[in-house]
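What follows is the content of target_38.txt (compact mmCIF, C-alpha atoms).
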```
# COMPACT_ATOMS: atom_id res chain seq x y z
CA MET A 1 -20.21 -33.14 -4.26
CA ALA A 2 -17.82 -30.30 -3.57
CA LEU A 3 -16.09 -30.19 -0.21
CA GLN A 4 -16.58 -27.06 1.88
CA PRO A 5 -14.12 -25.81 4.52
CA SER A 6 -15.39 -26.35 8.05
CA GLY A 7 -14.72 -24.87 11.52
CA ASP A 8 -12.16 -22.05 11.57
CA LEU A 9 -11.68 -22.44 7.81
CA ALA A 10 -15.29 -21.66 6.94
CA LEU A 11 -15.76 -18.53 4.87
CA SER A 12 -17.59 -15.58 6.44
CA HIS A 13 -20.38 -13.86 4.56
CA GLY A 14 -17.94 -11.16 3.42
CA GLU A 15 -15.43 -13.72 2.24
CA ALA A 16 -18.14 -15.64 0.41
CA LEU A 17 -19.26 -12.48 -1.37
CA LEU A 18 -15.68 -11.69 -2.36
CA ARG A 19 -15.17 -15.20 -3.66
CA ARG A 20 -18.46 -14.98 -5.56
CA TRP A 21 -17.31 -11.69 -7.10
CA LEU A 22 -14.02 -13.26 -8.21
CA SER A 23 -15.95 -16.21 -9.64
CA LEU A 24 -18.09 -13.88 -11.73
CA ILE A 25 -14.96 -12.19 -13.05
CA VAL A 26 -13.60 -15.55 -14.19
CA ARG A 27 -16.96 -16.66 -15.63
CA PHE A 28 -17.57 -13.52 -17.71
CA ASN A 29 -13.90 -12.96 -18.54
CA PRO A 30 -12.49 -16.31 -19.59
CA ASN A 31 -9.38 -14.62 -20.93
CA VAL A 32 -8.36 -13.30 -17.50
CA LYS A 33 -4.85 -14.50 -16.76
CA MET A 34 -2.40 -13.83 -13.99
CA SER A 35 1.06 -15.20 -14.57
CA ASP A 36 3.64 -15.73 -11.87
CA SER A 37 5.73 -12.91 -13.32
CA GLU A 38 3.01 -10.41 -12.39
CA ILE A 39 3.80 -10.78 -8.70
CA LYS A 40 7.30 -9.66 -7.88
CA PRO A 41 9.11 -11.12 -4.87
CA SER A 42 10.12 -7.59 -3.84
CA PHE A 43 6.48 -6.85 -2.95
CA SER A 44 6.22 -9.55 -0.29
CA PRO A 45 5.98 -8.33 3.33
CA LYS A 46 9.40 -9.61 4.28
CA TYR A 47 10.90 -7.09 1.89
CA LEU A 48 8.98 -4.05 3.12
CA SER A 49 11.53 -3.39 5.86
CA LEU A 50 14.23 -3.61 3.22
CA ILE A 51 12.45 -0.87 1.26
CA VAL A 52 12.50 1.39 4.32
CA VAL A 53 16.19 0.71 4.99
CA THR A 54 16.99 1.36 1.33
CA ALA A 55 15.10 4.67 1.46
CA VAL A 56 17.03 5.75 4.57
CA ILE A 57 20.36 4.78 2.98
CA ALA A 58 19.44 6.65 -0.20
CA ALA A 59 18.44 9.75 1.80
CA THR A 60 21.70 9.61 3.78
CA ALA A 61 23.77 9.28 0.63
CA THR A 62 21.85 12.15 -0.95
CA ALA A 63 22.46 14.30 2.15
CA LEU A 64 26.20 13.66 1.85
CA VAL A 65 26.17 14.57 -1.83
CA ASN A 66 24.13 17.69 -1.00
CA LYS A 67 26.65 18.62 1.71
CA ILE A 68 29.52 18.27 -0.73
CA TYR A 69 27.59 20.37 -3.24
CA GLU A 70 26.97 23.11 -0.67
CA SER A 71 30.66 23.16 0.32
CA ARG A 72 31.70 24.15 -3.22
CA GLU A 73 33.20 27.55 -3.93
CA VAL A 74 30.52 30.27 -3.88
CA ARG A 75 31.10 33.84 -5.03
CA GLN A 76 28.27 35.85 -3.56
CA LEU A 77 27.81 39.31 -2.02
CA ALA A 78 24.63 40.42 -0.26
CA TYR A 79 23.37 43.88 0.64
CA ASP A 80 20.74 45.02 3.11
CA LEU A 81 19.01 48.36 3.75
CA GLY A 82 17.84 49.32 7.21
CA SER A 83 14.73 51.31 8.08
CA ASP A 84 14.55 55.11 8.04
CA TYR A 85 15.20 56.88 11.33
CA HIS A 86 14.05 60.49 11.46
CA GLU A 87 16.31 62.61 13.65
CA ILE A 88 14.08 65.67 13.23
CA ARG A 89 10.56 64.84 14.35
CA GLY A 90 9.11 68.38 14.50
CA GLU A 91 7.51 67.79 17.89
CA PRO A 92 7.36 70.82 20.25
CA LEU A 93 9.17 70.51 23.56
CA PHE A 94 7.67 71.87 26.76
CA GLY A 95 4.98 73.82 24.98
CA GLU A 96 7.46 75.21 22.42
CA GLN A 97 9.59 76.71 25.19
CA ILE A 98 12.52 74.80 23.70
CA VAL A 99 13.25 74.79 19.97
CA ALA A 100 15.72 72.30 18.50
CA GLU A 101 17.24 73.09 15.17
CA TYR A 102 19.75 71.39 12.89
CA HIS A 103 22.19 73.29 10.70
CA LEU A 104 25.02 72.31 8.42
CA LYS A 105 28.39 72.94 10.02
CA ALA A 106 29.82 74.11 6.71
CA ALA A 107 26.80 76.38 6.14
CA PRO A 108 25.35 77.50 9.50
CA GLU A 109 22.72 79.62 7.80
CA THR A 110 21.16 76.48 6.29
CA ARG A 111 18.41 75.13 8.54
CA LEU A 112 17.45 71.50 8.00
CA LYS A 113 13.87 70.31 8.14
CA THR A 114 14.74 66.69 7.31
CA LEU A 115 17.54 64.49 8.64
CA ILE A 116 17.09 60.78 8.07
CA ARG A 117 19.54 58.08 9.09
CA LYS A 118 19.70 54.95 6.99
CA GLN A 119 22.11 52.06 7.35
CA VAL A 120 23.39 49.96 4.44
CA ARG A 121 25.19 46.68 4.94
CA VAL A 122 27.37 44.79 2.45
CA GLU A 123 28.29 41.23 3.39
CA ASN A 124 30.37 38.48 1.84
CA THR A 125 27.97 35.54 1.94
CA GLY A 126 30.18 33.39 -0.27
CA THR A 127 33.06 31.05 0.48
CA LYS A 128 35.83 33.05 -1.23
CA SER A 129 37.48 36.34 -0.27
CA ALA A 130 36.27 39.36 -2.25
CA GLU A 131 38.67 42.14 -3.20
CA ASP A 132 38.07 45.57 -4.77
CA ILE A 133 34.29 45.63 -4.30
CA LEU A 134 32.46 48.55 -5.90
CA PHE A 135 29.59 50.02 -3.85
CA SER A 136 27.35 52.97 -4.66
CA ALA A 137 24.51 54.75 -2.85
CA ALA A 138 22.27 57.42 -4.40
CA ILE A 139 19.32 59.50 -3.19
CA LYS A 140 16.40 60.21 -5.54
CA GLU A 141 14.33 62.87 -3.77
CA ASP A 142 14.68 66.43 -5.09
CA GLY A 143 16.47 68.68 -2.63
CA ALA A 144 17.70 65.73 -0.53
CA MET A 145 21.45 65.14 -0.24
CA LEU A 146 23.88 62.73 1.37
CA VAL A 147 26.22 63.70 4.19
CA ASP A 148 29.76 63.87 2.91
CA LYS A 149 31.21 61.30 5.31
CA PRO A 150 28.87 58.49 6.47
CA GLY A 151 29.74 56.46 9.53
CA ILE A 152 31.61 53.28 8.62
CA SER A 153 31.86 50.15 10.80
CA THR A 154 32.56 46.47 10.25
CA VAL A 155 31.56 43.03 11.49
CA PRO A 156 33.66 41.84 13.19
CA LYS A 157 34.68 45.20 14.68
CA GLU A 158 38.41 44.45 14.85
CA ILE A 159 38.83 44.37 11.05
CA VAL A 160 37.79 48.00 10.57
CA ASP A 161 41.42 49.19 10.50
CA GLY A 162 42.38 46.42 8.08
CA ILE A 163 39.96 47.45 5.32
CA LEU A 164 40.51 50.36 2.99
CA VAL A 165 37.25 52.09 2.05
CA LYS A 166 37.78 54.87 -0.48
CA LYS A 167 35.33 57.28 -2.10
CA THR A 168 35.90 57.65 -5.83
CA ALA A 169 35.98 60.83 -7.87
CA ALA A 170 32.58 59.95 -9.34
CA SER A 171 30.90 60.88 -6.05
CA ASP A 172 28.82 64.00 -5.33
CA ASN A 173 26.22 65.09 -2.77
CA LYS A 174 23.51 62.97 -4.48
CA LYS A 175 25.53 59.84 -5.13
CA HIS A 176 28.51 58.19 -3.44
CA VAL A 177 30.71 55.57 -5.08
CA TRP A 178 33.09 53.55 -2.89
CA THR A 179 35.71 50.86 -3.33
CA ILE A 180 36.09 48.26 -0.55
CA SER A 181 39.51 46.63 -0.47
CA LEU A 182 38.65 43.24 1.07
CA LEU A 183 35.83 41.24 2.66
CA ASN A 184 36.52 37.67 3.71
CA PRO A 185 33.67 35.11 3.92
CA GLY A 186 31.25 36.10 6.69
CA GLU A 187 32.60 39.65 7.02
CA SER A 188 30.51 42.75 6.37
CA ILE A 189 30.81 46.52 6.24
CA LEU A 190 28.13 48.99 7.35
CA PHE A 191 27.56 52.52 6.02
CA ASP A 192 25.56 54.74 8.39
CA TYR A 193 24.19 57.37 6.04
CA GLY A 194 22.65 60.73 6.81
CA ILE A 195 20.15 62.15 4.32
CA TYR A 196 19.27 65.81 4.82
CA SER A 197 17.09 68.44 3.18
CA GLU A 198 15.87 71.98 3.73
CA ALA A 199 12.39 70.71 2.89
CA GLU A 200 10.34 68.09 4.66
CA VAL A 201 10.95 64.57 3.28
CA LYS A 202 8.83 61.75 4.68
CA ALA A 203 10.87 58.84 3.30
CA ALA A 204 14.28 58.46 1.73
CA SER A 205 14.56 56.39 -1.44
CA LEU A 206 18.18 55.35 -1.19
CA THR A 207 19.30 53.25 -4.14
CA VAL A 208 22.31 51.01 -3.61
CA ALA A 209 24.36 48.86 -5.96
CA VAL A 210 27.14 46.36 -5.34
CA ARG A 211 29.37 45.33 -8.23
CA LYS A 212 32.15 42.81 -8.65
CA ALA A 213 33.07 40.88 -11.78
CA ASP A 214 31.92 37.22 -11.86
CA TRP A 215 30.22 37.51 -8.46
CA GLN A 216 26.55 37.04 -7.69
CA ILE A 217 24.88 40.02 -5.98
CA VAL A 218 21.73 39.34 -3.95
CA SER A 219 19.47 41.10 -1.49
CA LYS A 220 19.90 39.82 2.05
CA SER A 221 16.12 39.59 2.51
CA ASP A 222 15.79 37.41 -0.62
CA LEU A 223 18.68 35.26 0.58
CA LEU A 224 17.04 34.67 3.97
CA SER A 225 13.65 33.85 2.47
CA LYS A 226 15.23 31.27 0.14
CA LYS A 227 17.06 29.63 3.04
CA GLN A 228 13.86 29.44 5.10
CA SER A 229 11.78 28.00 2.27
CA LYS A 230 14.41 25.59 1.02
CA THR A 231 13.87 21.93 1.92
CA PRO A 232 17.04 19.82 1.90
CA LEU A 233 17.20 17.47 -1.06
CA ALA A 234 17.79 14.49 1.23
CA ILE A 235 14.51 15.16 3.07
CA ASN A 236 12.66 15.36 -0.26
CA ILE A 237 14.13 12.00 -1.28
CA LEU A 238 13.17 10.42 2.04
CA LEU A 239 9.64 11.83 1.94
CA GLY A 240 9.24 10.58 -1.62
CA ALA A 241 10.40 7.10 -0.64
CA LEU A 242 8.06 7.01 2.36
CA ALA A 243 5.17 8.24 0.21
CA GLY A 244 5.88 5.47 -2.28
CA LEU A 245 6.00 2.94 0.53
CA ALA A 246 2.70 4.26 1.89
CA GLY A 247 1.14 3.55 -1.49
CA VAL A 248 2.72 0.10 -1.93
CA PHE A 249 1.91 -1.25 1.53
CA PRO A 250 -1.93 -0.99 1.33
CA ALA A 251 -1.89 -2.51 -2.17
CA VAL A 252 0.20 -5.47 -0.98
CA PHE A 253 -2.02 -5.92 2.10
CA ILE A 254 -5.21 -5.91 0.02
CA TRP A 255 -3.73 -8.41 -2.43
CA TYR A 256 -2.77 -10.73 0.41
CA ALA A 257 -6.23 -10.35 1.95
CA ILE A 258 -7.95 -11.21 -1.35
CA SER A 259 -5.69 -14.22 -1.78
CA TRP A 260 -6.40 -15.40 1.76
CA MET A 261 -10.16 -15.13 1.46
CA ALA A 262 -10.37 -16.55 -2.06
CA ARG A 263 -8.18 -19.64 -1.57
CA PRO A 264 -9.08 -22.05 1.25
CA LYS A 265 -5.88 -23.99 0.62
CA LEU A 266 -3.90 -21.03 1.94
CA GLN A 267 -6.01 -21.09 5.09
CA THR A 268 -5.18 -24.74 5.52
CA LYS A 269 -1.49 -24.18 4.83
CA TYR A 270 -0.93 -21.16 7.09
CA LEU A 271 -3.84 -21.49 9.59
CA THR A 272 -4.00 -17.72 10.25
CA PHE A 273 -3.86 -14.70 7.98
CA TRP A 274 -0.92 -13.19 9.88
CA GLN A 275 1.10 -16.37 9.42
CA PHE A 276 0.35 -16.07 5.72
CA TRP A 277 1.27 -12.37 5.82
CA LEU A 278 4.62 -13.04 7.48
CA HIS A 279 5.62 -16.27 5.78
CA GLY A 280 3.64 -16.36 2.53
CA GLU A 281 5.49 -16.82 -0.74
CA PRO A 282 4.92 -14.89 -3.99
CA LYS A 283 3.71 -18.07 -5.72
CA ASP A 284 0.81 -18.22 -3.23
CA LEU A 285 -0.50 -14.99 -4.74
CA SER A 286 -0.41 -16.01 -8.39
CA GLY A 287 -3.12 -17.58 -10.49
CA ILE A 288 -6.16 -16.77 -8.33
CA PRO A 289 -8.64 -16.77 -11.28
CA ARG A 290 -7.20 -20.05 -12.59
CA GLN A 291 -7.42 -21.52 -9.10
CA LEU A 292 -11.08 -20.50 -8.78
CA ARG A 293 -11.83 -21.92 -12.22
CA ARG A 294 -10.15 -25.18 -11.24
CA GLU A 295 -12.17 -25.32 -8.03
CA GLN A 296 -15.36 -24.70 -9.98
CA ASN A 297 -14.51 -27.51 -12.37
CA ASP A 298 -13.70 -29.83 -9.47
CA ALA A 299 -16.99 -28.92 -7.85
CA ALA A 300 -18.87 -29.55 -11.11
CA ASN A 301 -17.18 -32.91 -11.67
CA GLY A 302 -17.76 -33.90 -8.07
CA SER A 303 -21.43 -33.15 -8.30
```
Would you mind giving the structure from this file in structure tokens?
Amino acid sequence: MALQPSGDLALSHGEALLRRWLSLIVRFNPNVKMSDSEIKPSFSPKYLSLIVVTAVIAATATALVNKIYESREVRQLAYDLGSDYHEIRGEPLFGEQIVAEYHLKAAPETRLKTLIRKQVRVENTGTKSAEDILFSAAIKEDGAMLVDKPGISTVPKEIVDGILVKKTAASDNKKHVWTISLLNPGESILFDYGIYSEAEVKAASLTVAVRKADWQIVSKSDLLSKKQSKTPLAINILLGALAGLAGVFPAVFIWYAISWMARPKLQTKYLTFWQFWLHGEPKDLSGIPRQLRREQNDAANGS
């Protein structure tokens, strides 16, 4: 007659059903085999903390590599266009008692109906000094023209006298072409343009271009959006490792739980599941179907 575990070792109804289910698997699948090599020691609970530590070390190492990669030489210039500012708004003052008009100094008889200010910024966003930068600005609207001398300033302010900004002979009142002598990393130059017309112009379509051989030219807005959306590679590695761990841990726990409920000898050996969880060995997890078949044979021979 087969011996049944008693007291604290007795199987609950759920454990009995699970054991019955495993027995049916063995009965209807006599070829089911589980070798010791199927359970790797690295999946035992005592190694789970090692997995976490390894993931953190890997993420740290990746962060260092990423930092070194980011500190490489970068040749990049960025440009940015400000919003339109209408100097002439056409609003009456004091019930039209006061009339404000704008005229060209060189042609006083020319009355302006449009005067739009627009600021353009060119910045060295790379890690190497940029010399002899070519910059152009052009207006598309018919009848609209550029002021001959835009306001020019720099960031930082104190370098304004140390930079030579020269308009080329290719410039006219619709398009300006400039050469900028030098911009060090982090420095920028600002062109405060005036766009005027004798007709009313609602918006100014100023087209700008920055050129320098073997340098990358980007829009400042695109550059900022990429920086905001970019997740550091080290964080991606760490999240991937944690996600993998989150998938491994439940599988290991379930396997230990099945082993515990299906094999009374483990209950006798470790007394409690948590003792088995903390101190169990990989060999305790192997050969569950063979163990159940052996117990069935022992029970049959005993009866």
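Across the model, the gap from CA of Glu73 in chain A to CA of Val160 in chain A is 25.5 Å.
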CA of Val177 in chain A to CA of Gln119 in chain A measures 15.5 Å
- Task: For CA of Ser129 in chain A and CA of Leu182 in chain A, quote the distance in Å rounded to one decimal.
- Result: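 Between CA of Ser129 in chain A and CA of Leu182 in chain A the gap is 7.1 Å.
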Using only C-alpha atoms, the best pick from A:Ser181, A:Gln216, A:Ser83, A:Thr168 as closest to Gly126 in chain A would be A:Gln216
Given all atoms listed in the file as the counted atoms, nearest of A:Trp255, A:Phe276, A:Glu101, A:Glu123 to Glu187 in chain A: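 The closest residue to Glu187 in chain A is A:Glu123.
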Counting only C-alpha atoms, closest pick from A:Leu278, A:Leu81, A:Ala144, A:Ile68 relative to Tyr196 in chain A is A:Ala144
Shortest contact to Asp80 in chain A, candidates A:Ser188, A:Thr127, A:Ser221, A:Ser171, atoms counted all atoms listed in the file, goes to A:Ser221
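Comparing the minimum interatomic distances between Phe253 in chain A and each of A:Gly280, A:Leu77, A:Lys269, A:Thr62, counting only C-alpha atoms, we find that A:Gly280 sits nearest.
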- prompt: Hey, which of A:Thr60, A:Thr114, A:Thr179, A:Thr207 ends up closest to Tyr85 in chain A? Count only C-alpha atoms.
  reply: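 Under the stated criterion, the closest residue is A:Thr114.
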Need the neighbours of (19.7, 65.0, 5.6): which residues are at most 12 Å away, counting only C-alpha atoms, as a PyMOL selection string? chain A and resi 84-88+102-104+110-118+139+141-148+150+173-174+193-204+206
*Give me the residues within 8 Å of His176 in chain A as a PyMOL selection string, counting only C-alpha atoms and dropping any in the same chain fewer than 4 places off.*
chain A and resi 136-138+167-168+170-172
Keeping C-alpha atoms, export the residues of the selection given above as a short mmCIF file (atom, residue, chain, number, x, y, z; two decimals), in the frame of the given file.
```cif
data_model
loop_
_atom_site.label_atom_id
_atom_site.label_comp_id
_atom_site.auth_asym_id
_atom_site.auth_seq_id
_atom_site.Cartn_x
_atom_site.Cartn_y
_atom_site.Cartn_z
CA SER A 136 27.35 52.97 -4.66
CA ALA A 137 24.51 54.75 -2.85
CA ALA A 138 22.27 57.42 -4.40
CA LYS A 167 35.33 57.28 -2.10
CA THR A 168 35.90 57.65 -5.83
CA ALA A 170 32.58 59.95 -9.34
CA SER A 171 30.90 60.88 -6.05
CA ASP A 172 28.82 64.00 -5.33
#
```
Box for range 60-63 of chain A: with edges along x, y and z, all listed atoms inside and 6 Å added on each side, what are the centre and edge lengths in Å to one decimal, as JSON?
```
{"center_x": 22.7, "center_y": 11.8, "center_z": 1.4, "size_x": 14.1, "size_y": 17.0, "size_z": 16.7}
```
Quiz prompt | Contacts of Ile159 in chain A within 10 Å, only C-alpha atoms, excl. fewer than 2 positions in-chain, as a list in words | solution =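 Residues near the query, excluding close chain neighbours: Ser153, Thr154, Val155, Pro156, Lys157, Asp161, Gly162, Ile163, Leu183, Glu187, Ser188 and Ile189 of chain A.
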Please produce a file of those selected residues containing C-alpha atoms, as a short mmCIF file (atom, residue, chain, number, x, y, z; two decimals), in the coordinates of the input.
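Output below, filename selection-v5.cif:
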```cif
data_model
loop_
_atom_site.label_atom_id
_atom_site.label_comp_id
_atom_site.auth_asym_id
_atom_site.auth_seq_id
_atom_site.Cartn_x
_atom_site.Cartn_y
_atom_site.Cartn_z
CA SER A 153 31.86 50.15 10.80
CA THR A 154 32.56 46.47 10.25
CA VAL A 155 31.56 43.03 11.49
CA PRO A 156 33.66 41.84 13.19
CA LYS A 157 34.68 45.20 14.68
CA ASP A 161 41.42 49.19 10.50
CA GLY A 162 42.38 46.42 8.08
CA ILE A 163 39.96 47.45 5.32
CA LEU A 183 35.83 41.24 2.66
CA GLU A 187 32.60 39.65 7.02
CA SER A 188 30.51 42.75 6.37
CA ILE A 189 30.81 46.52 6.24
#
```
